[in-house]
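Visitor: Below you will find the structure I want to go over with you.
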Number of protein chains: 2
Amino acid sequence: MDEDVAGAEAPKAARPRKPRVDVASRDAKLKESRTAEGMAKRQRDISVSEFFAKNRHLLGFDNPAKALLTTVKELVDNALDACDEARIPADIEIRIDALSEERFRVSCRDNGPGIVPRNVPSVFGKLLYGSKFHRLKMSRGQQGIGVSAAGMYGLLTTGKPVQVISRTSSKKLAYRCDIAIDTQRNEPAVKLEKEIEWEHPQGTQVEIELEAQYRKGQHSVDNYVLQISLANPHAQLRYLPPWREQPDEAVVYARVTEQMPPETAEIKPHPYGVELGVLMQMLRESKARSVASLLCEEFSRISPRVADEITAKAGFASTLKPTKVSEAQVIALHAAIAATKIMAPSTDCIAPIGEELLLRALAAVHPSPFPTTVTRKPSVYRGNPFLIEVGLAYGGDLPAEESATMYRYANRVPLQYQQGACAVTRAITATEWKSYGLSQPRGAMPIGPLVILVHIASVWVPFTSESKEAIAHYPEIIKEIKLGLQDCGRRLGAHMRRRRREADEEKKRGYIQKYIPHLASALQEILGLSDPDREHTVETLTTLLERSRKL
Amino acid sequence: MDEDVAGAEAPKAARPRKPRVDVASRDAKLKESRTAEGMAKRQRDISVSEFFAKNRHLLGFDNPAKALLTTVKELVDNALDACDEARIPADIEIRIDALSEERFRVSCRDNGPGIVPRNVPSVFGKLLYGSKFHRLKMSRGQQGIGVSAAGMYGLLTTGKPVQVISRTSSKKLAYRCDIAIDTQRNEPAVKLEKEIEWEHPQGTQVEIELEAQYRKGQHSVDNYVLQISLANPHAQLRYLPPWREQPDEAVVYARVTEQMPPETAEIKPHPYGVELGVLMQMLRESKARSVASLLCEEFSRISPRVADEITAKAGFASTLKPTKVSEAQVIALHAAIAATKIMAPSTDCIAPIGEELLLRALAAVHPSPFPTTVTRKPSVYRGNPFLIEVGLAYGGDLPAEESATMYRYANRVPLQYQQGACAVTRAITATEWKSYGLSQPRGAMPIGPLVILVHIASVWVPFTSESKEAIAHYPEIIKEIKLGLQDCGRRLGAHMRRRRREADEEKKRGYIQKYIPHLASALQEILGLSDPDREHTVETLTTLLERSRKL
């Protein structure tokens, strides 16, 4: 579009003649609109789809290039989650077809368990619908927004509905459904629905047509798919970029390991994370027989014995019916929970990538003479378990004068934008890299040929926005990342010192080799040594000097 | 709470004895849960309140100190909007009472038009409800989330409902309503409702009890209230901080001007901002007689003549009924809009603070020998008009070695957090401050005793999150901010050069005054001058040298 024409000063000649308005009636209207009654007429519901359509940058659809990446991301996240949850080694095909420079069709097919037909419309045509929100379990998606948001963006920009094919078993036909989202009601509008033959025995395929831009470089889809494969070595990815020479020309990232990531458990909230108002609501709405059974059922790490201890501290019987608990008693109960020693949340709910696979991933993005990785023990923020993994790769052909390169991952998903707002950035800039032999401007990234990789795995990753691009600044998370960086940093520091020592030695050795023959010749001349004596002197001197070097 | 106990390694002794589980039945369950049918059982709606309760950091409730500030902010934003819209000079009282170190009651009372009783529950007990979302008009609130979110946070942390008193006329009784939000349904639950006597003739008072922390310093509520008053010189603010010596001890920010900000018009979307999919939907759902009348009614700057021009370009009659337009015709219509010269949006929808009032505001935060301000002409991003104002204050008692201090405002609301993610920061760091005589590390804020103030006014401010703390990086917005900074920067540069020249002159004058008498004495001695001759020589020399100085 010609943005200049929409500038502040339009040519006067273009001013259209509008019909005259009735000033008296307009003023009366204006006056009425300023009263409480007038304002009341304008107060109404806002559908969550309308909200996000207007605020699409919150979902990662700020501009056409980012829109393409976000769409691919949401589709692949969903596909990988489905396969992992069904314990099926993922086999995923991502295809982008360019319909013009500004319009693309993105398609993603997985070999997961499929989706039952009755739920397909809501899964793809309704924001805030899904299976992952009401639980604490490590997964890529968590909010029930992403894939429907991508579909909505496609619909807004091209008018085309999302096309879904899903098959839950080779014994059944596949189900095809075209879905538009009704933004004013946040409900799916099914445009087409039928059973079809499909060449694949099981899985889901989603196609979205959207206005977008395809770019190369750091924030490209190509680079993104590579990064997904690094964080998901158990998955096989076939990627067909736009403008292919051959229709089936694909970049294939083969499975690196046959082992699925360890299965993670769903956990209940830890009692330390519950707030007073939430606890009041739980008691009020509970159908449990007693406070003790409510505590045991709704929270993790509360045994009947611990429940008794808590209620005793709160000053009432653990057999009291939850709905009978008074306000004063809830307050006492809340305080008693905080004052009782309760085991930390179990940590089988988190699956790290692991130090070895992380090393391989590092080597793939940046081959370097010194790579190192660490997987920290799980820790807890606001009652939620999480775990940090860090990798460093130093040296190689990266520029020595520039800031380190950062790769961020959350639950195996690469984070591409909003680096400045991320807890990972905060942790890196707050680390003292000088003590590991690197230079670092005050409050900035370290300088040097360094790649830093950080992965956070958690049952609930606190993102700074719905587009899930940066991690919120929880102190516990920043602390753990810093500890991971320090673990790796110390190893890097040792490597740097060793390297410097070796360089010094090399230099010294150079001196010895250069000057000893001359020295020997001089001695031969002064002392009148024979040639063998001279040779012997050279050898003795060299040995002596080399030995002193080792001290 | 004892966070250590919740660390990764809990004492083994504390492990509770849990009843043994039936392994076979558990495995069967697990297997079932992995199928499409099993997953379908877990797929369900997520209420927008549940969503934000879990993601409260998106709303500005990341920690107790920020929670207090956010609550004050949302209440004051609403109060000021209500008064401004009713064209009543705002008189607002903000009161914070400490119930303990961790629990506060925040109360905000305005003299606005009040809210009709039937709408009170939804306004305060339902997220995504309001009068400001479905329109394009400059206001502080725009989403219909803020004040209900503050109430929800209070409810979650203390279990207390929001208390509202509202009176729409001195001829009526006031209406009191206590509202809790039902997070699972995102609906208000009215806890108490009655008519009461109230000492104030008109207005609204909202009280929220919440877990929070009161802090002093940059991000304090005290500082925030000062900043609100600076951006709203037409409003009178009474602020009663916690732990007052006297119950009615208040900080009063008196009204600085009797003039209300100019009234702003509500506008319709500009046609250049409409997307294909949205246009399709508008046509499909339109009740207009013809495409021409739809275009004229739904968009700004489309006259019947322009509508005819557009449809002619699209290749169909402007009298065609909207619902009869084919898909190919919509595509042609969309292209025709982009290809037609249409006037820029009208700009009476934006009210700047103004250069003079901005100067006063600058002087209040930082008295300096060189303040300067500029109000730019309105511009447009994605079809939305916006306007940038910039102020610089240089010198005074700020440290010379530190980064400049930044004040950001959006629609007269101070922005306190997420500075790093904001378009204002990007624009400042991307400006070449060296050419205005300041030092500036690469890609960083300029260094020096400098205060930078930026205000963006718009019918729709694109924030990076629901907490409205930073402005998204739209290129048009960054460009305008940079132009504003450059306007002020050039003046600062001239000031810096003049100051340097004056300093040089001062030095020179010092030399003249110091050496001429000596020179004259020497000449008197050498040439045998009389005392009057010597005086005359001093005068002549001084005049001569001063004149040469001016060249």
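In the structure tokens, each chain is lettered A, B, ... as it comes, each chain's residues begin at 1, and ligands are numbered from 1 in order of appearance.
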Can you list, as a count of residues only, every protein, DNA or RNA residue that comes within 9 Å of Arg301 (chain B) when you count only C-alpha atoms, leaving out same-chain residues fewer than 5 positions away?

Guide: 12

Visitor: Would you mind writing down, as a JSON list (two decimals) with N, CA and C atoms, in the first residue's frame, each residue of region 14-250 of chain B that DSSP on the backbone assigns to alpha helix (DSSP H)?

Guide:
```json
[["chain", "number", "residue", "atom", "x", "y", "z"],
["B", 23, "VAL", "N", -1.05, -51.56, 39.70],
["B", 23, "VAL", "CA", -0.19, -51.28, 38.55],
["B", 23, "VAL", "C", -0.89, -51.58, 37.22],
["B", 24, "ALA", "N", -1.59, -52.71, 37.17],
["B", 24, "ALA", "CA", -2.24, -53.10, 35.92],
["B", 24, "ALA", "C", -3.27, -52.06, 35.50],
["B", 25, "SER", "N", -4.09, -51.62, 36.45],
["B", 25, "SER", "CA", -5.13, -50.67, 36.09],
["B", 25, "SER", "C", -4.51, -49.32, 35.74],
["B", 26, "ARG", "N", -3.40, -48.97, 36.44],
["B", 26, "ARG", "CA", -2.74, -47.71, 36.13],
["B", 26, "ARG", "C", -2.20, -47.73, 34.70],
["B", 27, "ASP", "N", -1.59, -48.86, 34.32],
["B", 27, "ASP", "CA", -1.02, -48.96, 32.97],
["B", 27, "ASP", "C", -2.09, -48.89, 31.89],
["B", 28, "ALA", "N", -3.22, -49.52, 32.16],
["B", 28, "ALA", "CA", -4.31, -49.49, 31.18],
["B", 28, "ALA", "C", -4.80, -48.05, 31.00],
["B", 29, "LYS", "N", -4.93, -47.36, 32.13],
["B", 29, "LYS", "CA", -5.34, -45.97, 32.10],
["B", 29, "LYS", "C", -4.37, -45.12, 31.27],
["B", 30, "LEU", "N", -3.08, -45.38, 31.55],
["B", 30, "LEU", "CA", -2.03, -44.63, 30.89],
["B", 30, "LEU", "C", -2.12, -44.83, 29.38],
["B", 31, "LYS", "N", -2.33, -46.10, 29.00],
["B", 31, "LYS", "CA", -2.39, -46.43, 27.58],
["B", 31, "LYS", "C", -3.59, -45.74, 26.92],
["B", 32, "GLU", "N", -4.71, -45.80, 27.61],
["B", 32, "GLU", "CA", -5.91, -45.17, 27.08],
["B", 32, "GLU", "C", -5.70, -43.66, 26.91],
["B", 33, "SER", "N", -4.98, -43.07, 27.90],
["B", 33, "SER", "CA", -4.80, -41.62, 27.87],
["B", 33, "SER", "C", -3.98, -41.17, 26.66],
["B", 36, "ALA", "N", -6.28, -40.90, 20.79],
["B", 36, "ALA", "CA", -7.03, -39.69, 20.45],
["B", 36, "ALA", "C", -8.24, -39.56, 21.35],
["B", 37, "GLU", "N", -8.89, -40.69, 21.65],
["B", 37, "GLU", "CA", -10.10, -40.68, 22.50],
["B", 37, "GLU", "C", -9.75, -40.22, 23.91],
["B", 38, "GLY", "N", -8.61, -40.72, 24.40],
["B", 38, "GLY", "CA", -8.18, -40.34, 25.75],
["B", 38, "GLY", "C", -7.84, -38.86, 25.81],
["B", 39, "MET", "N", -7.17, -38.37, 24.77],
["B", 39, "MET", "CA", -6.81, -36.96, 24.75],
["B", 39, "MET", "C", -8.05, -36.08, 24.63],
["B", 40, "ALA", "N", -9.05, -36.57, 23.87],
["B", 40, "ALA", "CA", -10.26, -35.78, 23.65],
["B", 40, "ALA", "C", -10.94, -35.46, 24.97],
["B", 41, "LYS", "N", -10.86, -36.39, 25.93],
["B", 41, "LYS", "CA", -11.52, -36.18, 27.22],
["B", 41, "LYS", "C", -10.92, -34.99, 27.97],
["B", 42, "ARG", "N", -9.68, -34.69, 27.65],
["B", 42, "ARG", "CA", -9.04, -33.59, 28.39],
["B", 42, "ARG", "C", -9.17, -32.24, 27.68],
["B", 48, "VAL", "N", -11.22, -16.96, 30.16],
["B", 48, "VAL", "CA", -10.20, -15.93, 30.05],
["B", 48, "VAL", "C", -9.71, -15.50, 31.43],
["B", 49, "SER", "N", -10.55, -15.63, 32.46],
["B", 49, "SER", "CA", -10.10, -15.29, 33.81],
["B", 49, "SER", "C", -9.11, -16.33, 34.33],
["B", 50, "GLU", "N", -9.41, -17.60, 34.10],
["B", 50, "GLU", "CA", -8.47, -18.66, 34.48],
["B", 50, "GLU", "C", -7.13, -18.41, 33.80],
["B", 51, "PHE", "N", -7.23, -18.07, 32.52],
["B", 51, "PHE", "CA", -6.01, -17.86, 31.74],
["B", 51, "PHE", "C", -5.15, -16.77, 32.38],
["B", 52, "PHE", "N", -5.78, -15.65, 32.72],
["B", 52, "PHE", "CA", -4.99, -14.55, 33.26],
["B", 52, "PHE", "C", -4.64, -14.77, 34.73],
["B", 53, "ALA", "N", -5.46, -15.56, 35.44],
["B", 53, "ALA", "CA", -5.09, -15.86, 36.83],
["B", 53, "ALA", "C", -3.77, -16.64, 36.84],
["B", 54, "LYS", "N", -3.64, -17.58, 35.90],
["B", 54, "LYS", "CA", -2.42, -18.38, 35.83],
["B", 54, "LYS", "C", -1.27, -17.59, 35.22],
["B", 64, "PRO", "N", 4.68, -8.63, 44.46],
["B", 64, "PRO", "CA", 3.84, -7.81, 45.34],
["B", 64, "PRO", "C", 4.03, -6.29, 45.17],
["B", 65, "ALA", "N", 5.26, -5.84, 44.92],
["B", 65, "ALA", "CA", 5.47, -4.40, 44.78],
["B", 65, "ALA", "C", 4.80, -3.89, 43.51],
["B", 66, "LYS", "N", 4.97, -4.65, 42.43],
["B", 66, "LYS", "CA", 4.37, -4.26, 41.17],
["B", 66, "LYS", "C", 2.85, -4.37, 41.24],
["B", 67, "ALA", "N", 2.35, -5.35, 42.00],
["B", 67, "ALA", "CA", 0.91, -5.53, 42.13],
["B", 67, "ALA", "C", 0.26, -4.27, 42.70],
["B", 68, "LEU", "N", 0.90, -3.64, 43.68],
["B", 68, "LEU", "CA", 0.34, -2.43, 44.29],
["B", 68, "LEU", "C", 0.30, -1.29, 43.26],
["B", 69, "LEU", "N", 1.40, -1.13, 42.55],
["B", 69, "LEU", "CA", 1.47, -0.07, 41.54],
["B", 69, "LEU", "C", 0.44, -0.30, 40.44],
["B", 70, "THR", "N", 0.35, -1.54, 39.95],
["B", 70, "THR", "CA", -0.59, -1.86, 38.88],
["B", 70, "THR", "C", -2.02, -1.58, 39.33],
["B", 71, "THR", "N", -2.35, -1.93, 40.55],
["B", 71, "THR", "CA", -3.70, -1.69, 41.06],
["B", 71, "THR", "C", -4.02, -0.20, 41.07],
["B", 72, "VAL", "N", -3.11, 0.60, 41.61],
["B", 72, "VAL", "CA", -3.32, 2.05, 41.62],
["B", 72, "VAL", "C", -3.49, 2.56, 40.19],
["B", 73, "LYS", "N", -2.61, 2.10, 39.31],
["B", 73, "LYS", "CA", -2.62, 2.53, 37.92],
["B", 73, "LYS", "C", -3.97, 2.25, 37.25],
["B", 74, "GLU", "N", -4.47, 1.03, 37.41],
["B", 74, "GLU", "CA", -5.73, 0.67, 36.75],
["B", 74, "GLU", "C", -6.88, 1.50, 37.30],
["B", 75, "LEU", "N", -6.91, 1.72, 38.61],
["B", 75, "LEU", "CA", -8.00, 2.49, 39.19],
["B", 75, "LEU", "C", -7.95, 3.95, 38.74],
["B", 76, "VAL", "N", -6.76, 4.53, 38.73],
["B", 76, "VAL", "CA", -6.63, 5.93, 38.36],
["B", 76, "VAL", "C", -6.90, 6.12, 36.86],
["B", 77, "ASP", "N", -6.40, 5.22, 36.04],
["B", 77, "ASP", "CA", -6.69, 5.28, 34.60],
["B", 77, "ASP", "C", -8.19, 5.35, 34.36],
["B", 78, "ASN", "N", -8.92, 4.45, 35.02],
["B", 78, "ASN", "CA", -10.37, 4.41, 34.85],
["B", 78, "ASN", "C", -11.03, 5.69, 35.31],
["B", 79, "ALA", "N", -10.59, 6.20, 36.46],
["B", 79, "ALA", "CA", -11.18, 7.42, 37.03],
["B", 79, "ALA", "C", -10.96, 8.61, 36.09],
["B", 80, "LEU", "N", -9.73, 8.76, 35.61],
["B", 80, "LEU", "CA", -9.42, 9.88, 34.72],
["B", 80, "LEU", "C", -10.19, 9.77, 33.41],
["B", 81, "ASP", "N", -10.26, 8.57, 32.87],
["B", 81, "ASP", "CA", -11.02, 8.37, 31.63],
["B", 81, "ASP", "C", -12.48, 8.78, 31.81],
["B", 82, "ALA", "N", -13.08, 8.35, 32.92],
["B", 82, "ALA", "CA", -14.50, 8.65, 33.15],
["B", 82, "ALA", "C", -14.72, 10.16, 33.22],
["B", 83, "CYS", "N", -13.86, 10.87, 33.96],
["B", 83, "CYS", "CA", -14.03, 12.31, 34.09],
["B", 83, "CYS", "C", -13.79, 13.01, 32.75],
["B", 84, "ASP", "N", -12.71, 12.63, 32.07],
["B", 84, "ASP", "CA", -12.39, 13.28, 30.79],
["B", 84, "ASP", "C", -13.52, 13.08, 29.79],
["B", 85, "GLU", "N", -14.05, 11.86, 29.76],
["B", 85, "GLU", "CA", -15.10, 11.59, 28.76],
["B", 85, "GLU", "C", -16.36, 12.37, 29.05],
["B", 120, "VAL", "N", -22.46, -2.20, 36.80],
["B", 120, "VAL", "CA", -21.36, -2.24, 37.75],
["B", 120, "VAL", "C", -20.73, -3.64, 37.89],
["B", 121, "PRO", "N", -21.55, -4.69, 38.10],
["B", 121, "PRO", "CA", -20.93, -6.02, 38.29],
["B", 121, "PRO", "C", -20.02, -6.43, 37.12],
["B", 122, "SER", "N", -20.45, -6.23, 35.88],
["B", 122, "SER", "CA", -19.63, -6.64, 34.74],
["B", 122, "SER", "C", -18.38, -5.78, 34.60],
["B", 123, "VAL", "N", -18.53, -4.48, 34.84],
["B", 123, "VAL", "CA", -17.36, -3.59, 34.69],
["B", 123, "VAL", "C", -16.24, -4.01, 35.63],
["B", 124, "PHE", "N", -16.60, -4.48, 36.86],
["B", 124, "PHE", "CA", -15.57, -4.78, 37.84],
["B", 124, "PHE", "C", -15.36, -6.27, 38.08],
["B", 125, "GLY", "N", -16.20, -7.12, 37.49],
["B", 125, "GLY", "CA", -16.11, -8.54, 37.83],
["B", 125, "GLY", "C", -16.07, -9.44, 36.62],
["B", 146, "GLY", "N", -8.15, -4.26, 32.67],
["B", 146, "GLY", "CA", -7.36, -3.75, 33.79],
["B", 146, "GLY", "C", -8.01, -3.78, 35.16],
["B", 147, "VAL", "N", -9.15, -3.11, 35.32],
["B", 147, "VAL", "CA", -9.67, -2.93, 36.66],
["B", 147, "VAL", "C", -10.22, -4.25, 37.21],
["B", 148, "SER", "N", -10.83, -5.07, 36.33],
["B", 148, "SER", "CA", -11.30, -6.38, 36.77],
["B", 148, "SER", "C", -10.13, -7.27, 37.15],
["B", 149, "ALA", "N", -9.02, -7.13, 36.43],
["B", 149, "ALA", "CA", -7.84, -7.93, 36.73],
["B", 149, "ALA", "C", -7.30, -7.57, 38.11],
["B", 150, "ALA", "N", -7.31, -6.27, 38.43],
["B", 150, "ALA", "CA", -6.85, -5.86, 39.76],
["B", 150, "ALA", "C", -7.76, -6.45, 40.83],
["B", 151, "GLY", "N", -9.07, -6.42, 40.57],
["B", 151, "GLY", "CA", -10.01, -7.03, 41.51],
["B", 151, "GLY", "C", -9.79, -8.52, 41.65],
["B", 152, "MET", "N", -9.51, -9.18, 40.54],
["B", 152, "MET", "CA", -9.27, -10.63, 40.57],
["B", 152, "MET", "C", -8.01, -10.94, 41.39],
["B", 153, "TYR", "N", -6.99, -10.12, 41.21],
["B", 153, "TYR", "CA", -5.75, -10.35, 41.96],
["B", 153, "TYR", "C", -6.00, -10.19, 43.46],
["B", 154, "GLY", "N", -6.79, -9.19, 43.82],
["B", 154, "GLY", "CA", -7.15, -9.00, 45.22],
["B", 154, "GLY", "C", -7.89, -10.22, 45.74],
["B", 155, "LEU", "N", -8.85, -10.70, 44.98],
["B", 155, "LEU", "CA", -9.64, -11.86, 45.38],
["B", 155, "LEU", "C", -8.75, -13.10, 45.55],
["B", 156, "LEU", "N", -7.85, -13.32, 44.60],
["B", 156, "LEU", "CA", -6.99, -14.50, 44.65],
["B", 156, "LEU", "C", -6.08, -14.47, 45.88],
["B", 157, "THR", "N", -5.57, -13.28, 46.20],
["B", 157, "THR", "CA", -4.58, -13.23, 47.27],
["B", 157, "THR", "C", -5.19, -13.03, 48.66],
["B", 158, "THR", "N", -6.38, -12.45, 48.73],
["B", 158, "THR", "CA", -6.96, -12.20, 50.06],
["B", 158, "THR", "C", -8.36, -12.77, 50.23],
["B", 221, "VAL", "N", 4.77, 3.91, 44.22],
["B", 221, "VAL", "CA", 3.48, 4.52, 43.95],
["B", 221, "VAL", "C", 3.59, 6.04, 44.10],
["B", 222, "ASP", "N", 4.34, 6.51, 45.08],
["B", 222, "ASP", "CA", 4.51, 7.95, 45.30],
["B", 222, "ASP", "C", 5.00, 8.63, 44.02],
["B", 223, "ASN", "N", 6.05, 8.06, 43.46],
["B", 223, "ASN", "CA", 6.63, 8.60, 42.24],
["B", 223, "ASN", "C", 5.64, 8.50, 41.08],
["B", 224, "TYR", "N", 4.89, 7.41, 41.07],
["B", 224, "TYR", "CA", 3.93, 7.21, 39.99],
["B", 224, "TYR", "C", 2.83, 8.28, 40.02],
["B", 225, "VAL", "N", 2.33, 8.57, 41.20],
["B", 225, "VAL", "CA", 1.27, 9.58, 41.32],
["B", 225, "VAL", "C", 1.79, 10.94, 40.85],
["B", 226, "LEU", "N", 3.02, 11.26, 41.22],
["B", 226, "LEU", "CA", 3.63, 12.51, 40.72],
["B", 226, "LEU", "C", 3.63, 12.53, 39.19],
["B", 227, "GLN", "N", 4.04, 11.42, 38.62],
["B", 227, "GLN", "CA", 4.10, 11.36, 37.15],
["B", 227, "GLN", "C", 2.73, 11.48, 36.50],
["B", 228, "ILE", "N", 1.72, 10.89, 37.14],
["B", 228, "ILE", "CA", 0.36, 11.04, 36.59],
["B", 228, "ILE", "C", 0.00, 12.52, 36.57],
["B", 229, "SER", "N", 0.29, 13.21, 37.68],
["B", 229, "SER", "CA", -0.11, 14.61, 37.75],
["B", 229, "SER", "C", 0.59, 15.43, 36.67],
["B", 230, "LEU", "N", 1.84, 15.07, 36.37],
["B", 230, "LEU", "CA", 2.57, 15.81, 35.34],
["B", 230, "LEU", "C", 1.90, 15.68, 33.97],
["B", 231, "ALA", "N", 1.42, 14.48, 33.68],
["B", 231, "ALA", "CA", 0.83, 14.26, 32.36],
["B", 231, "ALA", "C", -0.63, 14.68, 32.31]]
```

Visitor: Please report as a PyMOL selection string which residues of chain B come no farther than 6 Å from chain A, using only C-alpha atoms.

Guide: chain B and resi 1+6-8+10+16+34-36+42-46+86+113-116+128-131+155-159+275-278+303+338+343-344+378-379+421

Visitor: Can you state the RMSD, in Å, between chain A and chain B once they are superposed by least squares on every Cα paired in order?

Guide: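 The fitted C-alpha deviation between chain B and chain A is 0.6 Å.
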
Visitor: To one decimal place, how far is CA of Gln205 (chain A) from CA of Tyr409 (chain A) in Å?

Guide: 25.1 Å

Visitor: Which residues, written as a ChimeraX atom specification, have at least one atom at most 12 Å from Pro233 (chain A), with only C-alpha atoms counted and residues fewer than 2 positions away on the same chain left out?

Guide: /A:80,89-91,226-231,235-237,253-261,353-354,356-361,364,412
